[in-house]
Amino acid sequence: MRILMAGVSGFLGTRLVDRLTADGHQVTRLVRRPARSADERQWNPSAAQLDPAVLADADAVVNLAGAGVGDRRWTDGYRRLIRTSRVDTTSTLAITIAGLPAADRPAVLL
């Protein structure tokens, strides 16, 4: 499968990418910094920016992006950040997918 994945640098993301590629799947990584390799594509979920062409060949989209939940105290402000970081990424992916012609949409969004 061709899988587009956000949150690839986190605890789960790094392991899932390793497993998926070991099983023969092609993983394209969504990154916020400029892409540095052929398997990376840049996006900016805070500004709801994702080139629809990035999704064109994807069979599935996996979103593991978001602020870490185990690395610091959950103050009121950090709770808002945790929520916002997940809502922004998911809505950017969902809106971009919805804007594609039905035949071009990935079959799965996790």
# chains A, B, ... in the order shown; residues from 1 in each chain; ligands from 1
$ residues_around --residues "Arg86 in chain A" --least-positions-apart "6" --cutoff "9 Å" --atoms "only C-alpha atoms" --output "number ranges by chain"
A: 63-67
$ write_last_selection --atoms "N, CA, C and O atoms" --output "compact mmCIF listing (two decimals), in the first residue's frame"
# COMPACT_ATOMS: atom_id res chain seq x y z
N ASN A 63 -2.80 9.51 10.77
CA ASN A 63 -2.45 10.74 11.49
C ASN A 63 -2.12 10.42 12.94
O ASN A 63 -3.00 10.11 13.74
N LEU A 64 -0.85 10.50 13.26
CA LEU A 64 -0.39 10.33 14.65
C LEU A 64 0.18 11.63 15.19
O LEU A 64 0.81 11.65 16.24
N ALA A 65 -0.03 12.73 14.46
CA ALA A 65 0.56 14.01 14.84
C ALA A 65 -0.15 14.63 16.04
O ALA A 65 -1.35 14.44 16.22
N GLY A 66 0.60 15.33 16.82
CA GLY A 66 0.05 16.05 17.96
C GLY A 66 1.08 16.22 19.05
O GLY A 66 2.08 15.50 19.10
N ALA A 67 0.84 17.17 19.91
CA ALA A 67 1.74 17.42 21.04
C ALA A 67 1.84 16.17 21.91
O ALA A 67 0.86 15.44 22.08
$ residues_around --residues "range 2-7 of chain A" --least-positions-apart "2" --cutoff "8 Å" --atoms "only C-alpha atoms" --output "ChimeraX atom specification"
/A:9-10,13,25-31,55,57-66
$ write_last_selection --atoms "all heavy atoms" --output "compact mmCIF listing (two decimals), in the first residue's frame"
# COMPACT_ATOMS: atom_id res chain seq x y z
N SER A 9 7.66 11.25 13.56
CA SER A 9 8.83 11.37 14.42
C SER A 9 8.53 11.05 15.88
O SER A 9 9.43 11.03 16.71
CB SER A 9 9.44 12.78 14.31
OG SER A 9 8.51 13.73 14.79
N GLY A 10 7.29 10.78 16.18
CA GLY A 10 6.91 10.47 17.56
C GLY A 10 7.19 9.02 17.94
O GLY A 10 7.67 8.22 17.14
N GLY A 13 4.94 6.77 15.79
CA GLY A 13 5.19 6.99 14.37
C GLY A 13 6.48 6.36 13.87
O GLY A 13 6.49 5.72 12.82
N HIS A 25 5.39 -1.82 2.43
CA HIS A 25 4.52 -0.69 2.09
C HIS A 25 5.37 0.55 1.82
O HIS A 25 6.47 0.69 2.35
CB HIS A 25 3.54 -0.40 3.23
CG HIS A 25 2.68 -1.58 3.55
ND1 HIS A 25 1.67 -2.01 2.72
CD2 HIS A 25 2.69 -2.42 4.61
CE1 HIS A 25 1.08 -3.07 3.26
NE2 HIS A 25 1.69 -3.34 4.40
N GLN A 26 4.85 1.43 0.99
CA GLN A 26 5.52 2.70 0.70
C GLN A 26 4.93 3.77 1.61
O GLN A 26 3.73 4.03 1.56
CB GLN A 26 5.28 3.09 -0.76
CG GLN A 26 5.87 4.42 -1.13
CD GLN A 26 5.45 4.84 -2.54
OE1 GLN A 26 5.06 4.03 -3.35
NE2 GLN A 26 5.53 6.13 -2.79
N VAL A 27 5.75 4.37 2.45
CA VAL A 27 5.30 5.39 3.39
C VAL A 27 5.85 6.74 2.96
O VAL A 27 7.06 6.91 2.78
CB VAL A 27 5.75 5.07 4.83
CG1 VAL A 27 5.33 6.18 5.78
CG2 VAL A 27 5.20 3.72 5.29
N THR A 28 4.94 7.70 2.80
CA THR A 28 5.32 9.09 2.55
C THR A 28 5.07 9.85 3.84
O THR A 28 3.99 9.78 4.41
CB THR A 28 4.49 9.69 1.39
OG1 THR A 28 4.73 8.91 0.21
CG2 THR A 28 4.89 11.13 1.14
N ARG A 29 6.07 10.56 4.30
CA ARG A 29 6.02 11.24 5.59
C ARG A 29 5.62 12.71 5.41
O ARG A 29 6.23 13.41 4.61
CB ARG A 29 7.39 11.18 6.25
CG ARG A 29 7.94 9.79 6.38
CD ARG A 29 9.46 9.83 6.55
NE ARG A 29 10.06 8.54 6.34
CZ ARG A 29 10.54 7.77 7.33
NH1 ARG A 29 10.50 8.18 8.56
NH2 ARG A 29 11.05 6.60 7.06
N LEU A 30 4.62 13.13 6.17
CA LEU A 30 4.26 14.54 6.21
C LEU A 30 5.11 15.21 7.28
O LEU A 30 5.11 14.77 8.43
CB LEU A 30 2.78 14.72 6.54
CG LEU A 30 1.81 14.42 5.41
CD1 LEU A 30 0.36 14.53 5.91
CD2 LEU A 30 2.02 15.34 4.24
N VAL A 31 5.83 16.25 6.90
CA VAL A 31 6.71 16.95 7.84
C VAL A 31 6.42 18.45 7.79
O VAL A 31 5.99 18.97 6.77
CB VAL A 31 8.21 16.68 7.52
CG1 VAL A 31 8.54 15.21 7.73
CG2 VAL A 31 8.56 17.12 6.11
N LEU A 55 -1.85 13.84 -1.68
CA LEU A 55 -2.77 12.74 -1.37
C LEU A 55 -3.15 11.91 -2.59
O LEU A 55 -3.78 10.87 -2.45
CB LEU A 55 -4.05 13.31 -0.76
CG LEU A 55 -3.87 13.93 0.61
CD1 LEU A 55 -4.97 14.94 0.90
CD2 LEU A 55 -3.85 12.85 1.66
N ASP A 57 -1.93 9.75 -4.73
CA ASP A 57 -1.66 8.32 -4.90
C ASP A 57 -1.79 7.52 -3.61
O ASP A 57 -1.49 6.32 -3.60
CB ASP A 57 -0.25 8.13 -5.46
CG ASP A 57 -0.12 8.68 -6.86
OD1 ASP A 57 -1.11 8.67 -7.60
OD2 ASP A 57 0.99 9.11 -7.23
N ALA A 58 -2.22 8.15 -2.54
CA ALA A 58 -2.28 7.44 -1.25
C ALA A 58 -3.46 6.48 -1.19
O ALA A 58 -4.57 6.81 -1.59
CB ALA A 58 -2.37 8.44 -0.11
N ASP A 59 -3.20 5.29 -0.69
CA ASP A 59 -4.26 4.32 -0.42
C ASP A 59 -4.85 4.56 0.97
O ASP A 59 -6.01 4.28 1.21
CB ASP A 59 -3.72 2.89 -0.48
CG ASP A 59 -3.19 2.53 -1.86
OD1 ASP A 59 -3.92 2.74 -2.85
OD2 ASP A 59 -2.04 2.05 -1.94
N ALA A 60 -4.00 5.05 1.88
CA ALA A 60 -4.42 5.28 3.26
C ALA A 60 -3.66 6.47 3.83
O ALA A 60 -2.54 6.77 3.40
CB ALA A 60 -4.15 4.05 4.11
N VAL A 61 -4.28 7.14 4.80
CA VAL A 61 -3.65 8.25 5.51
C VAL A 61 -3.71 7.92 7.00
O VAL A 61 -4.76 7.54 7.52
CB VAL A 61 -4.38 9.59 5.25
CG1 VAL A 61 -3.74 10.71 6.04
CG2 VAL A 61 -4.37 9.91 3.76
N VAL A 62 -2.57 8.04 7.66
CA VAL A 62 -2.48 7.78 9.09
C VAL A 62 -2.03 9.07 9.77
O VAL A 62 -1.01 9.65 9.39
CB VAL A 62 -1.48 6.65 9.40
CG1 VAL A 62 -1.33 6.44 10.91
CG2 VAL A 62 -1.89 5.35 8.71
N ASN A 63 -2.80 9.51 10.77
CA ASN A 63 -2.45 10.74 11.49
C ASN A 63 -2.12 10.42 12.94
O ASN A 63 -3.00 10.11 13.74
CB ASN A 63 -3.60 11.74 11.43
CG ASN A 63 -3.25 13.04 12.14
OD1 ASN A 63 -2.08 13.33 12.36
ND2 ASN A 63 -4.25 13.80 12.50
N LEU A 64 -0.85 10.50 13.26
CA LEU A 64 -0.39 10.33 14.65
C LEU A 64 0.18 11.63 15.19
O LEU A 64 0.81 11.65 16.24
CB LEU A 64 0.67 9.23 14.72
CG LEU A 64 0.22 7.83 14.29
CD1 LEU A 64 1.40 6.87 14.30
CD2 LEU A 64 -0.88 7.32 15.20
N ALA A 65 -0.03 12.73 14.46
CA ALA A 65 0.56 14.01 14.84
C ALA A 65 -0.15 14.63 16.04
O ALA A 65 -1.35 14.44 16.22
CB ALA A 65 0.50 14.97 13.66
N GLY A 66 0.60 15.33 16.82
CA GLY A 66 0.05 16.05 17.96
C GLY A 66 1.08 16.22 19.05
O GLY A 66 2.08 15.50 19.10
$ residues_around --residues "range 40-47 of chain A" --least-positions-apart "4" --cutoff "9 Å" --atoms "only C-alpha atoms" --output "ChimeraX atom specification"
/A:27-36,51,54,84-85,88-93
$ atom_distance --atom1 "CA of Gly70 in chain A" --atom2 "CA of Arg83 in chain A"
14.1 Å
$ select_by_dssp --residues "chain A" --states "helix (DSSP H, G or I)" --output "PyMOL selection string"
chain A and resi 11-22+45-47+52-55+76-98+102-104
$ residues_around --residues "Ile97 in chain A" --least-positions-apart "3" --cutoff "8 Å" --atoms "only C-alpha atoms" --output "CSV table (one decimal) with N, CA and C atoms, in the first residue's frame"
chain,number,residue,atom,x,y,z
A,52,PRO,N,-3.1,19.2,-2.2
A,52,PRO,CA,-3.9,18.0,-2.5
A,52,PRO,C,-3.2,17.0,-3.3
A,55,LEU,N,-1.8,13.8,-1.7
A,55,LEU,CA,-2.8,12.7,-1.4
A,55,LEU,C,-3.2,11.9,-2.6
A,93,LEU,N,-6.2,17.4,7.2
A,93,LEU,CA,-6.3,16.2,6.3
A,93,LEU,C,-7.7,15.9,5.8
A,94,ALA,N,-8.7,16.0,6.7
A,94,ALA,CA,-10.0,15.7,6.3
A,94,ALA,C,-10.6,16.7,5.2
A,100,LEU,N,-10.9,16.4,-2.8
A,100,LEU,CA,-10.5,15.6,-3.9
A,100,LEU,C,-11.7,15.0,-4.6
A,105,ARG,N,-9.7,9.9,-3.7
A,105,ARG,CA,-9.6,10.0,-2.3
A,105,ARG,C,-8.9,8.7,-1.7
A,106,PRO,N,-8.1,8.8,-0.7
A,106,PRO,CA,-7.6,7.6,0.0
A,106,PRO,C,-8.8,6.8,0.5
